[in-house]
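A.B. asks: Following this message is one structure expressed as structure tokens.
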Amino acid sequence: MIDITLLRSDPESVRENIRKKFQHQKLPLVDEALSLDSRRRALQQEGDTLRASRNTLSKQVGALMREKKREEAETVKAQVTANAERLAAVEAETAEVESKLKAVMMRIPNIISKDTPIGKDDSENVERQRFLEPKTPEFEVPYHLDILEKLAGIDIDSARRTSGQGFYYLTGDIARLHSAVLAYARDFMIGKGFTYVIPPFMIRSDVVSGVMSFEEMDGMMYKIEGEDLYLIGTSEHSMIGRFMNTTLDEKQLPLTLTSYSPCFRKEKGAHGIEERGIYRIHQFEKQEMIVICKPEESESWYEKMWQYTVELFVSMEIPVRQLECCSGDLADLKYRSCDVEAWSPRQQKYFEVGSCSNLTDAQARRLGIRYKGEGGTKYAHTLNNTVVAPPRMLIAFLENHLRADGSVYIPEVLRPYMGGQKEIVPKK
RNA sequence: GCAGAGAUGGCGGAGCGGCUGAACGCGCACGAUUCGAAAUCGUGUUAUGCAGGAAUGUAUACAAGGGUUCAAAUCCCUUUCUCUGCGCCA
């Protein structure tokens, strides 16, 4: 949600931003918002005046009652009652106009960064930088499910019976590797000065509707029957919800947090060959990073954050690249965003393993996340980024570290978390 | 989960239909005193929206939401949270 004062003072810049995102159908929203806003202010003035007169008259009633002037008191009461009808109408219309305005404001996209490439969809995202040479082994790299099965690392058939499609049992060394990656990522982020947090894995509906739109909620969130609780789709939900309607002290900022959680997603509409296996699933685990900072610091945090993910992957010897999202591919709440993609030797291309976003004050404004300091109370900036989401990163891991004999190499940094193990070998 | 008590400013705590945006105390800021400090004294000290160049005015907010009333921190209902006791449980 953008600042309405920007819309009032410079509507053309808001329209220009909408054009850059190729959302021309949203251009009329700007004038709609402006007219709703002026109507809202007019209604507020009228309501305030009516309430002021009610307050004055009510005080008179009190005074008259004390003086036992019942008759006169009744006359004044009647006057208040006469105004009450108009006030009720004004209040009803105010509520209506306000909710319409909010709905319109929610659909107006956040102002994008001047560095965001202009493009209409994900095909126009821009590769910024590569890290480590992508490699292509002599032998053919199998689909990750086949690798996992050879290593006795997965049981999908049983999971289908117990839980349905989109679930899995990870077993043995693979399960241990999965936990090792998370533990390593956790320590890596702690080493960068982040505070480790284990958040609630379920949140209430008011938090859910704060952090996402109704459509997103419908497509992603699992609801607990008979309770006002939803399973989180990412720890960002409970991590950001933690600060909803909160005014932080300037001295607390920046808040640099790294959270672990399982993530539950319905993934409505997922299908296709690349969806087989553990690429897109209903349950996975993720280490996330969240930064809440002052506006002037968010750009530099954004740079640091995606670089941390790159550094983590490079330390595990997995080639990655940074792909900057173009204007048309940027979600409405985002100022700037990039994906960290890992190399897939099997597909001979990069695929997404993490996503870093600077939402500036758009999310904070929507959720009421502010901070108080020398310059008064202002909205904070919020950023989030994936540290690592193991089932998906496991695909990159297996494909890149598979050797001709079917064994999988374990990079140095993970060995302490694997009891010193240097490789995982096929069973039988 | 059951029963009882409760939720008021940065903190403690009064108020329990109108004179309360909130007594009193602590804290904090500024000033006086002092060589300086402590102590003491004085003054000030909630937030947000709207209007205004500003001074300021006005509205709203006493956990949240709804209701009663001319008028609600105060009465009623719902929800959330906290404390105490009992129950249950890694």
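Following the order of the structure tokens, first chain is A, next is B, and so on, with residues numbered from 1 inside each chain and ligands from 1 in the order they appear.
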May I have the residues within 12 Å of U68 (chain B) as JSON, numbers by chain, using only C-alpha atoms (C1' of nucleotides) and disregarding those fewer than 6 positions away in the same chain?

C.D. replies: {"B": [17, 75, 76, 77]}

A.B. asks: As a PyMOL selection string, list the residues of region 122-278 of chain A assigned to strand (DSSP E) by DSSP on the backbone atoms of this structure.

C.D. replies: chain A and resi 126-131+154-155+169-170+195-197+202-203+222-223+230-231+246-249+255-264

A.B. asks: Export C-alpha atoms of the chosen residues as a PDB file, in the first residue's frame?

C.D. replies:
```pdb
ATOM      1  CA  VAL A 126      17.632 -10.022 -16.052  1.00  0.00           C
ATOM      2  CA  GLU A 127      20.578 -12.166 -15.027  1.00  0.00           C
ATOM      3  CA  ARG A 128      22.891  -9.940 -13.009  1.00  0.00           C
ATOM      4  CA  GLN A 129      25.729 -12.144 -11.937  1.00  0.00           C
ATOM      5  CA  ARG A 130      26.902 -15.768 -11.809  1.00  0.00           C
ATOM      6  CA  PHE A 131      28.803 -17.419  -9.002  1.00  0.00           C
ATOM      7  CA  ILE A 154      12.856 -41.169  -0.005  1.00  0.00           C
ATOM      8  CA  ASP A 155       9.576 -43.037   0.305  1.00  0.00           C
ATOM      9  CA  TYR A 169       9.202 -39.447   3.787  1.00  0.00           C
ATOM     10  CA  LEU A 170      12.886 -38.536   3.742  1.00  0.00           C
ATOM     11  CA  THR A 195      18.904 -13.479  15.718  1.00  0.00           C
ATOM     12  CA  TYR A 196      17.548 -16.996  15.491  1.00  0.00           C
ATOM     13  CA  VAL A 197      13.784 -17.286  15.983  1.00  0.00           C
ATOM     14  CA  MET A 202      -0.067 -21.552  13.149  1.00  0.00           C
ATOM     15  CA  ILE A 203      -1.579 -18.094  13.032  1.00  0.00           C
ATOM     16  CA  TYR A 222      -4.518 -24.842   5.271  1.00  0.00           C
ATOM     17  CA  LYS A 223      -7.138 -24.123   7.915  1.00  0.00           C
ATOM     18  CA  TYR A 230      -4.126 -21.578   9.829  1.00  0.00           C
ATOM     19  CA  LEU A 231      -0.880 -23.435   9.139  1.00  0.00           C
ATOM     20  CA  THR A 246       3.411  -2.184  16.640  1.00  0.00           C
ATOM     21  CA  THR A 247       5.511   0.915  17.086  1.00  0.00           C
ATOM     22  CA  LEU A 248       9.139  -0.012  17.571  1.00  0.00           C
ATOM     23  CA  ASP A 249      11.804   2.151  19.117  1.00  0.00           C
ATOM     24  CA  LEU A 255      15.811  -5.997  13.415  1.00  0.00           C
ATOM     25  CA  THR A 256      17.726  -8.783  11.701  1.00  0.00           C
ATOM     26  CA  LEU A 257      16.048 -12.121  12.231  1.00  0.00           C
ATOM     27  CA  THR A 258      16.488 -15.593  10.864  1.00  0.00           C
ATOM     28  CA  SER A 259      13.635 -17.968  11.406  1.00  0.00           C
ATOM     29  CA  TYR A 260      13.110 -21.669  10.970  1.00  0.00           C
ATOM     30  CA  SER A 261       9.727 -23.200  10.244  1.00  0.00           C
ATOM     31  CA  PRO A 262       7.959 -25.908   8.382  1.00  0.00           C
ATOM     32  CA  CYS A 263       5.857 -24.420   5.584  1.00  0.00           C
ATOM     33  CA  PHE A 264       2.495 -25.742   4.465  1.00  0.00           C
TER      34      PHE A 264
END
```

A.B. asks: Would you mind telling me which residue in A:Arg66, A:Ser298, A:Lys286, A:Ala380 lies nearest to Leu182 (chain A) when using only C-alpha atoms?

C.D. replies: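 So, comparing all the options, the nearest one is A:Lys286.
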
A.B. asks: When you get a sec, could you note down which chain A residues fall within 8 Å of chain B, using only C-alpha atoms (C1' of nucleotides), as a PyMOL selection string?

C.D. replies: chain A and resi 41+44-45+48-49+51-52+55+57-59+61-63+76-78+80-81

A.B. asks: Can you list, as a PyMOL selection string, every protein, DNA or RNA residue that comes within 9 Å of region 160-168 of chain A when you count only C-alpha atoms (C1' of nucleotides), leaving out same-chain residues fewer than 2 positions away?

C.D. replies: chain A and resi 154-158+170+276-278+280-284

A.B. asks: Please save N, CA and C atoms of the selected residues as a PDB file, in the first residue's frame.

C.D. replies:
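File produced: out_6.pdb:
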```
ATOM      1  N   ILE A 154      14.227 -41.680   0.058  1.00  0.00           N
ATOM      2  CA  ILE A 154      12.856 -41.169  -0.005  1.00  0.00           C
ATOM      3  C   ILE A 154      11.858 -42.305  -0.122  1.00  0.00           C
ATOM      4  N   ASP A 155      10.687 -42.095   0.458  1.00  0.00           N
ATOM      5  CA  ASP A 155       9.576 -43.037   0.305  1.00  0.00           C
ATOM      6  C   ASP A 155       8.330 -42.215   0.013  1.00  0.00           C
ATOM      7  N   ILE A 156       8.048 -42.107  -1.274  1.00  0.00           N
ATOM      8  CA  ILE A 156       6.906 -41.291  -1.690  1.00  0.00           C
ATOM      9  C   ILE A 156       5.629 -42.113  -1.691  1.00  0.00           C
ATOM     10  N   ASP A 157       5.768 -43.408  -1.986  1.00  0.00           N
ATOM     11  CA  ASP A 157       4.578 -44.266  -2.078  1.00  0.00           C
ATOM     12  C   ASP A 157       3.828 -44.329  -0.757  1.00  0.00           C
ATOM     13  N   SER A 158       4.578 -44.525   0.337  1.00  0.00           N
ATOM     14  CA  SER A 158       3.915 -44.576   1.640  1.00  0.00           C
ATOM     15  C   SER A 158       3.273 -43.239   1.971  1.00  0.00           C
ATOM     16  N   LEU A 170      11.454 -38.532   4.016  1.00  0.00           N
ATOM     17  CA  LEU A 170      12.886 -38.536   3.742  1.00  0.00           C
ATOM     18  C   LEU A 170      13.482 -39.500   4.747  1.00  0.00           C
ATOM     19  N   ARG A 276       6.802 -33.225 -10.427  1.00  0.00           N
ATOM     20  CA  ARG A 276       6.928 -34.546  -9.832  1.00  0.00           C
ATOM     21  C   ARG A 276       8.100 -34.540  -8.866  1.00  0.00           C
ATOM     22  N   GLY A 277       7.974 -35.250  -7.771  1.00  0.00           N
ATOM     23  CA  GLY A 277       9.093 -35.299  -6.834  1.00  0.00           C
ATOM     24  C   GLY A 277       8.960 -34.256  -5.748  1.00  0.00           C
ATOM     25  N   ILE A 278      10.081 -33.645  -5.378  1.00  0.00           N
ATOM     26  CA  ILE A 278      10.024 -32.742  -4.242  1.00  0.00           C
ATOM     27  C   ILE A 278      10.277 -31.292  -4.634  1.00  0.00           C
ATOM     28  N   ARG A 280       7.829 -29.156  -5.921  1.00  0.00           N
ATOM     29  CA  ARG A 280       6.689 -28.388  -5.420  1.00  0.00           C
ATOM     30  C   ARG A 280       5.852 -29.327  -4.559  1.00  0.00           C
ATOM     31  N   ILE A 281       5.807 -29.061  -3.254  1.00  0.00           N
ATOM     32  CA  ILE A 281       5.163 -29.984  -2.331  1.00  0.00           C
ATOM     33  C   ILE A 281       4.327 -29.239  -1.292  1.00  0.00           C
ATOM     34  N   HIS A 282       3.507 -29.988  -0.571  1.00  0.00           N
ATOM     35  CA  HIS A 282       2.616 -29.359   0.406  1.00  0.00           C
ATOM     36  C   HIS A 282       3.303 -29.009   1.709  1.00  0.00           C
ATOM     37  N   GLN A 283       4.417 -29.665   1.971  1.00  0.00           N
ATOM     38  CA  GLN A 283       5.108 -29.433   3.233  1.00  0.00           C
ATOM     39  C   GLN A 283       6.606 -29.418   3.012  1.00  0.00           C
ATOM     40  N   PHE A 284       7.243 -28.364   3.471  1.00  0.00           N
ATOM     41  CA  PHE A 284       8.699 -28.327   3.417  1.00  0.00           C
ATOM     42  C   PHE A 284       9.199 -27.470   4.567  1.00  0.00           C
TER      43      PHE A 284
END
```

A.B. asks: Write out as a list of chain:residue names the residues lying within 12 Å of Leu6 (chain A), counting only C-alpha atoms (C1' of nucleotides) and excluding same-chain residues fewer than 6 positions away.

C.D. replies: A:Glu12, A:Ser13, A:Val14, A:Arg15, A:Val30, A:Ala33, A:Leu34, A:Met105, A:Asn110, A:Ile111

A.B. asks: Keeping only N, CA and C atoms, write the selected residues to a file as a PDB file, in the first residue's frame.

C.D. replies:
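Contents of selection.pdb, freshly written:
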```pdb
ATOM      1  N   GLU A  12       0.707  11.711 -11.054  1.00  0.00           N
ATOM      2  CA  GLU A  12       1.311  11.306 -12.323  1.00  0.00           C
ATOM      3  C   GLU A  12       2.435  10.290 -12.100  1.00  0.00           C
ATOM      4  N   SER A  13       3.186  10.445 -11.013  1.00  0.00           N
ATOM      5  CA  SER A  13       4.270   9.494 -10.759  1.00  0.00           C
ATOM      6  C   SER A  13       3.702   8.108 -10.458  1.00  0.00           C
ATOM      7  N   VAL A  14       2.524   8.089  -9.817  1.00  0.00           N
ATOM      8  CA  VAL A  14       1.887   6.807  -9.516  1.00  0.00           C
ATOM      9  C   VAL A  14       1.398   6.151 -10.811  1.00  0.00           C
ATOM     10  N   ARG A  15       0.860   6.964 -11.719  1.00  0.00           N
ATOM     11  CA  ARG A  15       0.411   6.430 -13.010  1.00  0.00           C
ATOM     12  C   ARG A  15       1.602   5.912 -13.812  1.00  0.00           C
ATOM     13  N   VAL A  30      -6.173   5.362  -9.963  1.00  0.00           N
ATOM     14  CA  VAL A  30      -5.567   6.564  -9.390  1.00  0.00           C
ATOM     15  C   VAL A  30      -6.633   7.642  -9.181  1.00  0.00           C
ATOM     16  N   ALA A  33      -9.116   6.607  -6.507  1.00  0.00           N
ATOM     17  CA  ALA A  33      -8.588   6.808  -5.158  1.00  0.00           C
ATOM     18  C   ALA A  33      -8.653   8.277  -4.777  1.00  0.00           C
ATOM     19  N   LEU A  34      -8.284   9.150  -5.716  1.00  0.00           N
ATOM     20  CA  LEU A  34      -8.300  10.580  -5.427  1.00  0.00           C
ATOM     21  C   LEU A  34      -9.699  11.066  -5.087  1.00  0.00           C
ATOM     22  N   MET A 105      -6.625   1.276  -2.843  1.00  0.00           N
ATOM     23  CA  MET A 105      -5.214   1.510  -2.497  1.00  0.00           C
ATOM     24  C   MET A 105      -4.402   0.208  -2.494  1.00  0.00           C
ATOM     25  N   ASN A 110       3.102  -0.886  -5.390  1.00  0.00           N
ATOM     26  CA  ASN A 110       4.174  -0.128  -4.755  1.00  0.00           C
ATOM     27  C   ASN A 110       5.056   0.484  -5.839  1.00  0.00           C
ATOM     28  N   ILE A 111       5.613   1.644  -5.522  1.00  0.00           N
ATOM     29  CA  ILE A 111       6.542   2.302  -6.439  1.00  0.00           C
ATOM     30  C   ILE A 111       7.784   1.409  -6.557  1.00  0.00           C
TER      31      ILE A 111
END
```

A.B. asks: Residues at most 10 Å from Lys21 (chain A), counting only C-alpha atoms (C1' of nucleotides), excluding those fewer than 5 positions away in the same chain, as a list in words?

C.D. replies: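 Here the answer would be Arg15, Glu16, Pro109, Ile111, Ile112, Ile118, Gly119, Lys120, Asp121, Cys326, Ser327, Gly328, Asp329, Leu330, Ala331 and Asp332 of chain A.
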
A.B. asks: Would you export the selected residues with N, CA and C atoms as a PDB file, in the first residue's frame, please?

C.D. replies:
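Heads up, here's the output in selection19.pdb:
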```pdb
ATOM      1  N   ARG A  15       0.860   6.964 -11.719  1.00  0.00           N
ATOM      2  CA  ARG A  15       0.411   6.430 -13.010  1.00  0.00           C
ATOM      3  C   ARG A  15       1.602   5.912 -13.812  1.00  0.00           C
ATOM      4  N   GLU A  16       2.687   6.674 -13.803  1.00  0.00           N
ATOM      5  CA  GLU A  16       3.884   6.281 -14.536  1.00  0.00           C
ATOM      6  C   GLU A  16       4.388   4.925 -14.033  1.00  0.00           C
ATOM      7  N   PRO A 109      -0.042  -0.649  -7.176  1.00  0.00           N
ATOM      8  CA  PRO A 109       1.240  -1.276  -6.834  1.00  0.00           C
ATOM      9  C   PRO A 109       2.217  -0.322  -6.169  1.00  0.00           C
ATOM     10  N   ILE A 111       5.613   1.644  -5.522  1.00  0.00           N
ATOM     11  CA  ILE A 111       6.542   2.302  -6.439  1.00  0.00           C
ATOM     12  C   ILE A 111       7.784   1.409  -6.557  1.00  0.00           C
ATOM     13  N   ILE A 112       8.200   1.155  -7.811  1.00  0.00           N
ATOM     14  CA  ILE A 112       9.327   0.239  -8.002  1.00  0.00           C
ATOM     15  C   ILE A 112      10.663   0.990  -7.998  1.00  0.00           C
ATOM     16  N   ILE A 118      12.781  -2.800 -16.883  1.00  0.00           N
ATOM     17  CA  ILE A 118      11.403  -2.743 -17.360  1.00  0.00           C
ATOM     18  C   ILE A 118      11.156  -3.932 -18.271  1.00  0.00           C
ATOM     19  N   GLY A 119      10.078  -4.672 -17.970  1.00  0.00           N
ATOM     20  CA  GLY A 119       9.759  -5.834 -18.791  1.00  0.00           C
ATOM     21  C   GLY A 119       8.365  -6.299 -18.422  1.00  0.00           C
ATOM     22  N   LYS A 120       7.731  -7.075 -19.338  1.00  0.00           N
ATOM     23  CA  LYS A 120       6.326  -7.365 -19.065  1.00  0.00           C
ATOM     24  C   LYS A 120       6.102  -8.627 -18.235  1.00  0.00           C
ATOM     25  N   ASP A 121       6.986  -9.611 -18.341  1.00  0.00           N
ATOM     26  CA  ASP A 121       6.782 -10.818 -17.533  1.00  0.00           C
ATOM     27  C   ASP A 121       8.116 -11.493 -17.213  1.00  0.00           C
ATOM     28  N   CYS A 326      11.972  -8.250 -13.321  1.00  0.00           N
ATOM     29  CA  CYS A 326      11.631  -7.043 -14.073  1.00  0.00           C
ATOM     30  C   CYS A 326      10.306  -6.485 -13.564  1.00  0.00           C
ATOM     31  N   SER A 327      10.006  -5.259 -13.974  1.00  0.00           N
ATOM     32  CA  SER A 327       8.836  -4.531 -13.460  1.00  0.00           C
ATOM     33  C   SER A 327       7.534  -5.338 -13.534  1.00  0.00           C
ATOM     34  N   GLY A 328       7.327  -6.029 -14.669  1.00  0.00           N
ATOM     35  CA  GLY A 328       6.066  -6.750 -14.854  1.00  0.00           C
ATOM     36  C   GLY A 328       5.949  -8.012 -14.014  1.00  0.00           C
ATOM     37  N   ASP A 329       7.085  -8.538 -13.584  1.00  0.00           N
ATOM     38  CA  ASP A 329       7.075  -9.780 -12.813  1.00  0.00           C
ATOM     39  C   ASP A 329       7.084  -9.514 -11.309  1.00  0.00           C
ATOM     40  N   LEU A 330       7.194  -8.235 -10.958  1.00  0.00           N
ATOM     41  CA  LEU A 330       7.292  -7.847  -9.558  1.00  0.00           C
ATOM     42  C   LEU A 330       5.900  -7.822  -8.921  1.00  0.00           C
ATOM     43  N   ALA A 331       5.731  -8.539  -7.796  1.00  0.00           N
ATOM     44  CA  ALA A 331       4.440  -8.497  -7.100  1.00  0.00           C
ATOM     45  C   ALA A 331       4.156  -7.065  -6.656  1.00  0.00           C
ATOM     46  N   ASP A 332       2.865  -6.744  -6.509  1.00  0.00           N
ATOM     47  CA  ASP A 332       2.464  -5.359  -6.274  1.00  0.00           C
ATOM     48  C   ASP A 332       3.054  -4.720  -5.018  1.00  0.00           C
TER      49      ASP A 332
END
```

A.B. asks: From the DSSP assignment of the backbone, select every residue of region 165-323 of chain A that is helix (DSSP H, G or I), and format the answer as a ChimeraX atom specification.

C.D. replies: /A:172-191,205-211,214-220,235-241,250-252,273-275,295-315

A.B. asks: Suppose we keep C-alpha atoms; can you now write the selection as a PDB file, in the first residue's frame?

C.D. replies:
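Contents of result_12.pdb, as written:
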```pdb
ATOM      1  CA  GLY A 172      18.440 -42.147   6.415  1.00  0.00           C
ATOM      2  CA  ASP A 173      21.389 -40.069   5.228  1.00  0.00           C
ATOM      3  CA  ILE A 174      19.151 -37.889   3.068  1.00  0.00           C
ATOM      4  CA  ALA A 175      16.963 -36.955   6.021  1.00  0.00           C
ATOM      5  CA  ARG A 176      20.113 -36.249   7.970  1.00  0.00           C
ATOM      6  CA  LEU A 177      21.504 -34.160   5.119  1.00  0.00           C
ATOM      7  CA  HIS A 178      18.251 -32.222   5.046  1.00  0.00           C
ATOM      8  CA  SER A 179      18.563 -31.358   8.735  1.00  0.00           C
ATOM      9  CA  ALA A 180      22.282 -30.687   8.326  1.00  0.00           C
ATOM     10  CA  VAL A 181      21.629 -28.057   5.666  1.00  0.00           C
ATOM     11  CA  LEU A 182      19.114 -26.314   7.922  1.00  0.00           C
ATOM     12  CA  ALA A 183      21.416 -26.412  10.924  1.00  0.00           C
ATOM     13  CA  TYR A 184      24.327 -25.130   8.842  1.00  0.00           C
ATOM     14  CA  ALA A 185      22.174 -22.346   7.365  1.00  0.00           C
ATOM     15  CA  ARG A 186      20.975 -21.383  10.836  1.00  0.00           C
ATOM     16  CA  ASP A 187      24.531 -21.107  12.143  1.00  0.00           C
ATOM     17  CA  PHE A 188      25.608 -19.289   8.981  1.00  0.00           C
ATOM     18  CA  MET A 189      22.995 -16.584   9.587  1.00  0.00           C
ATOM     19  CA  ILE A 190      23.763 -16.360  13.288  1.00  0.00           C
ATOM     20  CA  GLY A 191      27.348 -15.784  12.164  1.00  0.00           C
ATOM     21  CA  SER A 205      -7.170 -15.381  10.564  1.00  0.00           C
ATOM     22  CA  ASP A 206      -6.666 -11.686  11.298  1.00  0.00           C
ATOM     23  CA  VAL A 207      -2.917 -12.158  10.906  1.00  0.00           C
ATOM     24  CA  VAL A 208      -3.413 -14.201   7.740  1.00  0.00           C
ATOM     25  CA  SER A 209      -5.570 -11.537   6.144  1.00  0.00           C
ATOM     26  CA  GLY A 210      -3.016  -8.942   7.175  1.00  0.00           C
ATOM     27  CA  VAL A 211      -0.115 -10.634   5.455  1.00  0.00           C
ATOM     28  CA  PHE A 214      -7.843 -13.345  -0.013  1.00  0.00           C
ATOM     29  CA  GLU A 215      -6.856 -15.058  -3.283  1.00  0.00           C
ATOM     30  CA  GLU A 216      -3.421 -15.949  -1.948  1.00  0.00           C
ATOM     31  CA  MET A 217      -4.990 -17.242   1.247  1.00  0.00           C
ATOM     32  CA  ASP A 218      -7.406 -19.416  -0.654  1.00  0.00           C
ATOM     33  CA  GLY A 219      -4.665 -20.847  -2.852  1.00  0.00           C
ATOM     34  CA  MET A 220      -2.124 -21.457  -0.128  1.00  0.00           C
ATOM     35  CA  SER A 235       7.673 -18.236   8.564  1.00  0.00           C
ATOM     36  CA  GLU A 236       7.448 -14.729   7.093  1.00  0.00           C
ATOM     37  CA  HIS A 237       3.746 -14.899   7.991  1.00  0.00           C
ATOM     38  CA  SER A 238       4.297 -15.295  11.696  1.00  0.00           C
ATOM     39  CA  MET A 239       7.510 -13.272  11.709  1.00  0.00           C
ATOM     40  CA  ILE A 240       5.915 -10.194  10.152  1.00  0.00           C
ATOM     41  CA  GLY A 241       2.637 -10.785  12.008  1.00  0.00           C
ATOM     42  CA  GLU A 250      14.298   3.548  16.628  1.00  0.00           C
ATOM     43  CA  LYS A 251      17.062   2.098  18.804  1.00  0.00           C
ATOM     44  CA  GLN A 252      15.765  -1.443  18.202  1.00  0.00           C
ATOM     45  CA  ILE A 273       6.657 -33.052 -15.148  1.00  0.00           C
ATOM     46  CA  GLU A 274       8.829 -30.683 -13.159  1.00  0.00           C
ATOM     47  CA  GLU A 275       6.254 -30.849 -10.381  1.00  0.00           C
ATOM     48  CA  PRO A 295      13.858   3.596   5.172  1.00  0.00           C
ATOM     49  CA  GLU A 296      17.339   4.895   4.416  1.00  0.00           C
ATOM     50  CA  GLU A 297      18.863   1.492   5.164  1.00  0.00           C
ATOM     51  CA  SER A 298      16.619  -0.837   3.182  1.00  0.00           C
ATOM     52  CA  GLU A 299      18.502  -0.623  -0.132  1.00  0.00           C
ATOM     53  CA  SER A 300      21.776  -1.672   1.434  1.00  0.00           C
ATOM     54  CA  TRP A 301      20.118  -4.463   3.416  1.00  0.00           C
ATOM     55  CA  TYR A 302      18.589  -5.786   0.223  1.00  0.00           C
ATOM     56  CA  GLU A 303      22.041  -6.109  -1.331  1.00  0.00           C
ATOM     57  CA  LYS A 304      23.478  -7.803   1.739  1.00  0.00           C
ATOM     58  CA  MET A 305      20.583 -10.222   2.040  1.00  0.00           C
ATOM     59  CA  TRP A 306      20.659 -11.797  -1.407  1.00  0.00           C
ATOM     60  CA  GLN A 307      24.429 -11.962  -1.184  1.00  0.00           C
ATOM     61  CA  TYR A 308      24.179 -13.983   2.033  1.00  0.00           C
ATOM     62  CA  THR A 309      22.141 -16.610   0.199  1.00  0.00           C
ATOM     63  CA  VAL A 310      24.646 -16.671  -2.630  1.00  0.00           C
ATOM     64  CA  GLU A 311      27.498 -17.018  -0.160  1.00  0.00           C
ATOM     65  CA  LEU A 312      25.726 -19.902   1.552  1.00  0.00           C
ATOM     66  CA  PHE A 313      25.215 -21.800  -1.701  1.00  0.00           C
ATOM     67  CA  VAL A 314      28.742 -21.110  -2.889  1.00  0.00           C
ATOM     68  CA  SER A 315      30.075 -22.459   0.406  1.00  0.00           C
TER      69      SER A 315
END
```

A.B. asks: Can you tell me how far CA of Gly419 (chain A) sits from CA of Val353 (chain A), in Å to one decimal?

C.D. replies: 26.0 Å
